[in-house]
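S.K.: Below is the structure I would like to discuss, written out as structure tokens.
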There are 2 protein chains.
Amino acid sequence: MSDLLERLRGRGWRMTAQRRVVAEVLDGDHVHLTADEVHARAAERLPEISRATVYNTLGELVSLGEILEVSTDRRAKRYDPNAHRPHHHLVCARCGAIRDVHPTGNPLSDLPDSERFGFTISDVEVTYRGLCPPCAGA
Amino acid sequence: MSDLLERLRGRGWRMTAQRRVVAEVLDGDHVHLTADEVHARAAERLPEISRATVYNTLGELVSLGEILEVSTDRRAKRYDPNAHRPHHHLVCARCGAIRDVHPTGNPLSDLPDSERFGFTISDVEVTYRGLCPPCAGA
DNA sequence: ATCCTACAATGGACATTGTCTAAGTCAAGC
DNA sequence: GCTTGACTTAGACAATGTCCATTGTAGGAT
């Protein structure tokens with residue numbers, strides 16, 4: 001168990017059974033669960049937890065910067081607990097598998113001023129798409 | 001009017017009033033409409049056009065490679081008629097405005113083999129996020 | 001230890017986006 | 001001008017997410 005719960009408590013986050021369970025479900029590396037998957041896993045431990053609470057809690061954890069929202073497909077948002085190390089994603093176009101990747105270089109420096117249209121850019125998101133070995137081998 | 005309709009006809013695409021209207025709505029540069037927006041604009045000219053037809057037609061145009069699907073937010077997919085020149089997107093986090101951009105460099109070469117996990121990578125999508133001048137000025 | 005109160009959880013309605021199907025309609029070839 | 005198979009339609013359905021009024025409770029105050 002990481003210190004996620006401690007960090008949250010230290011920030012004055014009111015601790016409830018529901019919030020604890022959601023945080024515990026997400027507390028692992030290289031996990032990219034949808035809200036529904038989080039709800040399902042949380043419900044294994046706390047059967048009466050509601051979907052709204054899971055959505056609320058996930059939203060709060062995102063606001064607190066403890067997890068990241070990832071939208072690699074146009075289906076459900078996924079939640080990535082690996083929020084403290086910048087990274088991008090590699091997605092299998094067939095089965096949806098997701099891996100965290102760390103490209104070299106900084107895409108920001110690849111965008112000349114003339115292509116920024118006066119925007120204040122705060123974030124760059126890179127998604128590599130392809131086929132994972134099992135799907136490519138088929 | 002570009003030659004989009006001619007290209008489609010030449011490929012044996014059966015031409016109907018609905019398809020013509022959808023193609024015409026999309027026939028412009030730097031437009032990034034949602035399916036519903038396409039439907040609304042098409043309905044100005046052809047009031048009885050159905051949502052299903054718009055979805056079907058958009059899907060076909062994507063399959064034909066004439067337009068691109070863009071998922072810059074987790075709301076509706078957007079359709080980009082600028083399918084013949086590779087580009088990425090710059091999105092305003094507040095108002096959702098989208099600009100096509102052309103970064104230098106190739107993000108694919110920034111991903112070492114050790115970070116590819118055996119995937120066969122076919123596509124890279126880069127999304128820059130920030131605030132457009134009006135939203136930043138507020 | 002008990003009480004208070006603001007904050008959190010619940011559940012169910014609602015919203016948005018997209019898909020599917022059965023039946024009717026029409027473009028294009030003959 | 002027919003015929004036919006592809007296209008369109010309307011609306012039901014599905015998946016994901018949001019909202020709200022009500023009920024419950026964590027944590028501080030007494």
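Chain labels follow the order of the structure tokens: the first chain is A, the next B, and so on; residue numbering restarts at 1 in every chain, and ligands are counted from 1 in their shown order.
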Can you tell me, as a list of chain:residue names, what residues are no more than 12 Å from DT4 in chain D when counting only C-alpha atoms (C1' of nucleotides), ignoring any on the same chain fewer than 4 positions away?
M.R.: C:DC26, C:DA27, C:DA28, C:DG29, C:DC30
S.K.: With 12 Å as the limit and counting only C-alpha atoms (C1' of nucleotides), what residues in chain B lie close to chain C? Please list them as a list of chain:residue names.
M.R.: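 Listed by rising number, the hits are B:Gly12, B:Trp13, B:Arg14, B:Met15, B:Thr16, B:Ala17, B:Gln18, B:Thr34, B:Ala35, B:Asp36, B:Arg51, B:Ala52, B:Thr53, B:Val54, B:Tyr55, B:Asn56, B:Gly59, B:Arg74, B:Arg75, B:Ala76, B:Lys77, B:Arg78.
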S.K.: Keeping C-alpha atoms, export the residues of the selection given above as a compact mmCIF listing (two decimals), in the first residue's frame.
M.R.:
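Okay, result.txt is ready:
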# COMPACT_ATOMS: atom_id res chain seq x y z
CA GLY B 12 -18.99 3.77 -57.29
CA TRP B 13 -20.52 5.49 -54.32
CA ARG B 14 -24.26 5.57 -54.86
CA MET B 15 -25.21 9.22 -54.80
CA THR B 16 -28.26 10.24 -52.83
CA ALA B 17 -29.52 13.63 -51.71
CA GLN B 18 -28.55 12.81 -48.13
CA THR B 34 -19.43 16.81 -34.45
CA ALA B 35 -21.88 14.35 -35.93
CA ASP B 36 -24.73 16.34 -34.43
CA ARG B 51 -29.41 10.99 -37.54
CA ALA B 52 -28.74 7.39 -38.50
CA THR B 53 -28.02 8.39 -42.06
CA VAL B 54 -25.59 11.06 -40.96
CA TYR B 55 -23.77 8.56 -38.75
CA ASN B 56 -23.72 5.98 -41.53
CA GLY B 59 -18.61 6.28 -41.09
CA ARG B 74 -14.19 12.83 -24.46
CA ARG B 75 -17.39 14.30 -25.76
CA ALA B 76 -18.44 13.78 -29.34
CA LYS B 77 -16.14 12.64 -32.10
CA ARG B 78 -15.35 15.33 -34.62
S.K.: Give me every helix (DSSP H, G or I) residue in chain A, going by DSSP on the backbone, as a ChimeraX atom specification.
M.R.: /A:4-10,17-26,35-45,51-63,107-110,113-115,133-137
S.K.: Find the residues of chain A in contact range of chain B, meaning any atom within 9 Å when counting only C-alpha atoms, and list them as a PyMOL selection string.
M.R.: chain A and resi 71-77+90-92+99-112+115-133+136
S.K.: Quick one: write out the picked residues with N, CA and C atoms as a short mmCIF file (atom, residue, chain, number, x, y, z; two decimals), in the first residue's frame?
M.R.:
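Ended up saving to part-v2.cif:
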data_model
loop_
_atom_site.label_atom_id
_atom_site.label_comp_id
_atom_site.auth_asym_id
_atom_site.auth_seq_id
_atom_site.Cartn_x
_atom_site.Cartn_y
_atom_site.Cartn_z
N SER A 71 -7.97 9.31 -22.35
CA SER A 71 -9.01 9.02 -23.33
C SER A 71 -8.38 8.46 -24.58
N THR A 72 -8.03 7.20 -24.52
CA THR A 72 -7.34 6.62 -25.67
C THR A 72 -8.30 6.12 -26.72
N ASP A 73 -9.52 5.88 -26.35
CA ASP A 73 -10.51 5.55 -27.35
C ASP A 73 -11.71 6.43 -27.09
N ARG A 74 -12.73 6.27 -27.90
CA ARG A 74 -13.88 7.16 -27.71
C ARG A 74 -14.93 6.47 -26.86
N ARG A 75 -14.53 5.41 -26.22
CA ARG A 75 -15.45 4.76 -25.30
C ARG A 75 -15.27 5.40 -23.93
N ALA A 76 -15.10 4.64 -22.92
CA ALA A 76 -15.03 5.21 -21.59
C ALA A 76 -13.67 5.84 -21.31
N LYS A 77 -13.68 6.89 -20.50
CA LYS A 77 -12.45 7.44 -19.97
C LYS A 77 -11.77 6.39 -19.11
N LEU A 90 0.61 3.95 -25.43
CA LEU A 90 0.67 3.10 -26.61
C LEU A 90 -0.55 2.19 -26.52
N VAL A 91 -1.38 2.22 -27.55
CA VAL A 91 -2.67 1.55 -27.48
C VAL A 91 -2.81 0.54 -28.62
N CYS A 92 -3.30 -0.63 -28.29
CA CYS A 92 -3.57 -1.62 -29.34
C CYS A 92 -4.92 -1.28 -29.97
N ARG A 99 -0.23 0.60 -22.78
CA ARG A 99 1.04 0.61 -22.08
C ARG A 99 1.48 2.05 -21.89
N ASP A 100 2.09 2.33 -20.77
CA ASP A 100 2.71 3.63 -20.58
C ASP A 100 4.03 3.64 -21.34
N VAL A 101 4.32 4.72 -22.03
CA VAL A 101 5.60 4.82 -22.73
C VAL A 101 6.24 6.19 -22.43
N HIS A 102 7.53 6.24 -22.64
CA HIS A 102 8.29 7.47 -22.35
C HIS A 102 9.14 7.82 -23.55
N PRO A 103 8.57 8.56 -24.50
CA PRO A 103 9.35 8.94 -25.68
C PRO A 103 10.47 9.90 -25.27
N THR A 104 11.54 9.87 -26.03
CA THR A 104 12.58 10.89 -25.85
C THR A 104 12.09 12.16 -26.53
N GLY A 105 12.75 13.26 -26.23
CA GLY A 105 12.40 14.50 -26.90
C GLY A 105 11.16 15.13 -26.30
N ASN A 106 10.92 16.36 -26.68
CA ASN A 106 9.79 17.11 -26.14
C ASN A 106 8.95 17.64 -27.29
N PRO A 107 7.75 17.10 -27.44
CA PRO A 107 6.92 17.49 -28.58
C PRO A 107 6.64 18.99 -28.60
N LEU A 108 6.69 19.62 -27.43
CA LEU A 108 6.41 21.05 -27.37
C LEU A 108 7.40 21.84 -28.23
N SER A 109 8.68 21.41 -28.18
CA SER A 109 9.68 22.15 -28.93
C SER A 109 9.55 21.89 -30.43
N ASP A 110 8.70 20.93 -30.79
CA ASP A 110 8.48 20.65 -32.21
C ASP A 110 7.38 21.49 -32.83
N LEU A 111 6.78 22.36 -32.00
CA LEU A 111 5.68 23.17 -32.53
C LEU A 111 6.13 24.63 -32.62
N PRO A 112 6.47 25.08 -33.81
CA PRO A 112 6.98 26.45 -33.96
C PRO A 112 5.94 27.48 -33.55
N GLU A 115 2.92 28.12 -35.49
CA GLU A 115 1.86 27.11 -35.50
C GLU A 115 1.11 27.10 -34.17
N ARG A 116 1.33 28.12 -33.37
CA ARG A 116 0.66 28.11 -32.05
C ARG A 116 -0.55 29.01 -31.98
N PHE A 117 -0.72 29.86 -32.97
CA PHE A 117 -1.91 30.70 -33.09
C PHE A 117 -2.21 31.47 -31.81
N GLY A 118 -1.14 31.85 -31.10
CA GLY A 118 -1.34 32.65 -29.90
C GLY A 118 -1.81 31.87 -28.68
N PHE A 119 -1.97 30.56 -28.82
CA PHE A 119 -2.42 29.75 -27.70
C PHE A 119 -1.35 29.71 -26.59
N THR A 120 -1.78 29.62 -25.37
CA THR A 120 -0.91 29.32 -24.25
C THR A 120 -0.97 27.82 -24.04
N ILE A 121 0.06 27.11 -24.47
CA ILE A 121 0.00 25.65 -24.44
C ILE A 121 0.48 25.13 -23.10
N SER A 122 -0.31 24.26 -22.50
CA SER A 122 0.04 23.78 -21.18
C SER A 122 0.30 22.28 -21.14
N ASP A 123 -0.04 21.59 -22.21
CA ASP A 123 0.03 20.14 -22.13
C ASP A 123 0.10 19.54 -23.53
N VAL A 124 0.83 18.45 -23.64
CA VAL A 124 0.87 17.71 -24.89
C VAL A 124 0.60 16.26 -24.59
N GLU A 125 -0.20 15.66 -25.42
CA GLU A 125 -0.60 14.28 -25.21
C GLU A 125 -0.27 13.51 -26.49
N VAL A 126 0.51 12.47 -26.36
CA VAL A 126 0.91 11.69 -27.53
C VAL A 126 0.35 10.29 -27.40
N THR A 127 -0.36 9.84 -28.40
CA THR A 127 -0.89 8.48 -28.38
C THR A 127 -0.38 7.72 -29.59
N TYR A 128 0.34 6.65 -29.32
CA TYR A 128 0.80 5.76 -30.37
C TYR A 128 -0.22 4.65 -30.53
N ARG A 129 -0.60 4.35 -31.76
CA ARG A 129 -1.57 3.29 -32.00
C ARG A 129 -0.97 2.22 -32.89
N GLY A 130 -1.35 0.99 -32.62
CA GLY A 130 -0.83 -0.10 -33.43
C GLY A 130 -1.43 -1.39 -32.95
N LEU A 131 -0.71 -2.49 -33.20
CA LEU A 131 -1.21 -3.79 -32.77
C LEU A 131 -0.21 -4.39 -31.79
N CYS A 132 -0.74 -4.93 -30.71
CA CYS A 132 0.13 -5.60 -29.75
C CYS A 132 0.52 -6.95 -30.34
N PRO A 133 1.59 -7.57 -29.82
CA PRO A 133 2.07 -8.83 -30.41
C PRO A 133 0.98 -9.88 -30.61
N ALA A 136 -1.25 -8.71 -33.48
CA ALA A 136 -0.55 -8.65 -34.77
C ALA A 136 -0.29 -10.05 -35.29
#
S.K.: One decimal, Å: what's the distance from C1' of DT8 in chain D over to CA of Pro47 in chain B, could you say?
M.R.: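 We find that C1' of DT8 in chain D and CA of Pro47 in chain B lie 13.1 Å from each other.
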S.K.: From the options B:Gly10, B:Pro81, B:Gly65, B:Gly96, which residue's atoms come nearest to Val22 in chain B, counting only C-alpha atoms?
M.R.: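 Nearest candidate to Val22 in chain B out of B:Gly10, B:Pro81, B:Gly65, B:Gly96: B:Pro81.
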S.K.: Select all residues from chain D having any atom no more than 10 Å from an atom of chain B (counting only C-alpha atoms (C1' of nucleotides), ignoring ligands), output as a VMD selection string.
M.R.: chain D and resid 6 to 10
S.K.: For the residues selected in the previous step, produce a file with C-alpha atoms (C1' of nucleotides) as a compact mmCIF listing (two decimals), in the first residue's frame.
M.R.:
# COMPACT_ATOMS: atom_id res chain seq x y z
C1' DA D 6 -28.71 -0.55 -51.58
C1' DC D 7 -30.10 3.52 -48.92
C1' DT D 8 -33.02 6.05 -45.53
C1' DT D 9 -36.03 6.48 -41.80
C1' DA D 10 -37.93 6.61 -37.04
S.K.: Rounded to one decimal in Å, what is the spacing between CA of Asn82 in chain B and CA of Ala40 in chain B?
M.R.: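 Computing the Euclidean distance for CA of Asn82 in chain B and CA of Ala40 in chain B yields 20.6 Å.
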S.K.: Would you compute the distance between C1' of DT18 in chain D and CA of Leu5 in chain A? Give it in Å to one decimal.
M.R.: 26.6 Å
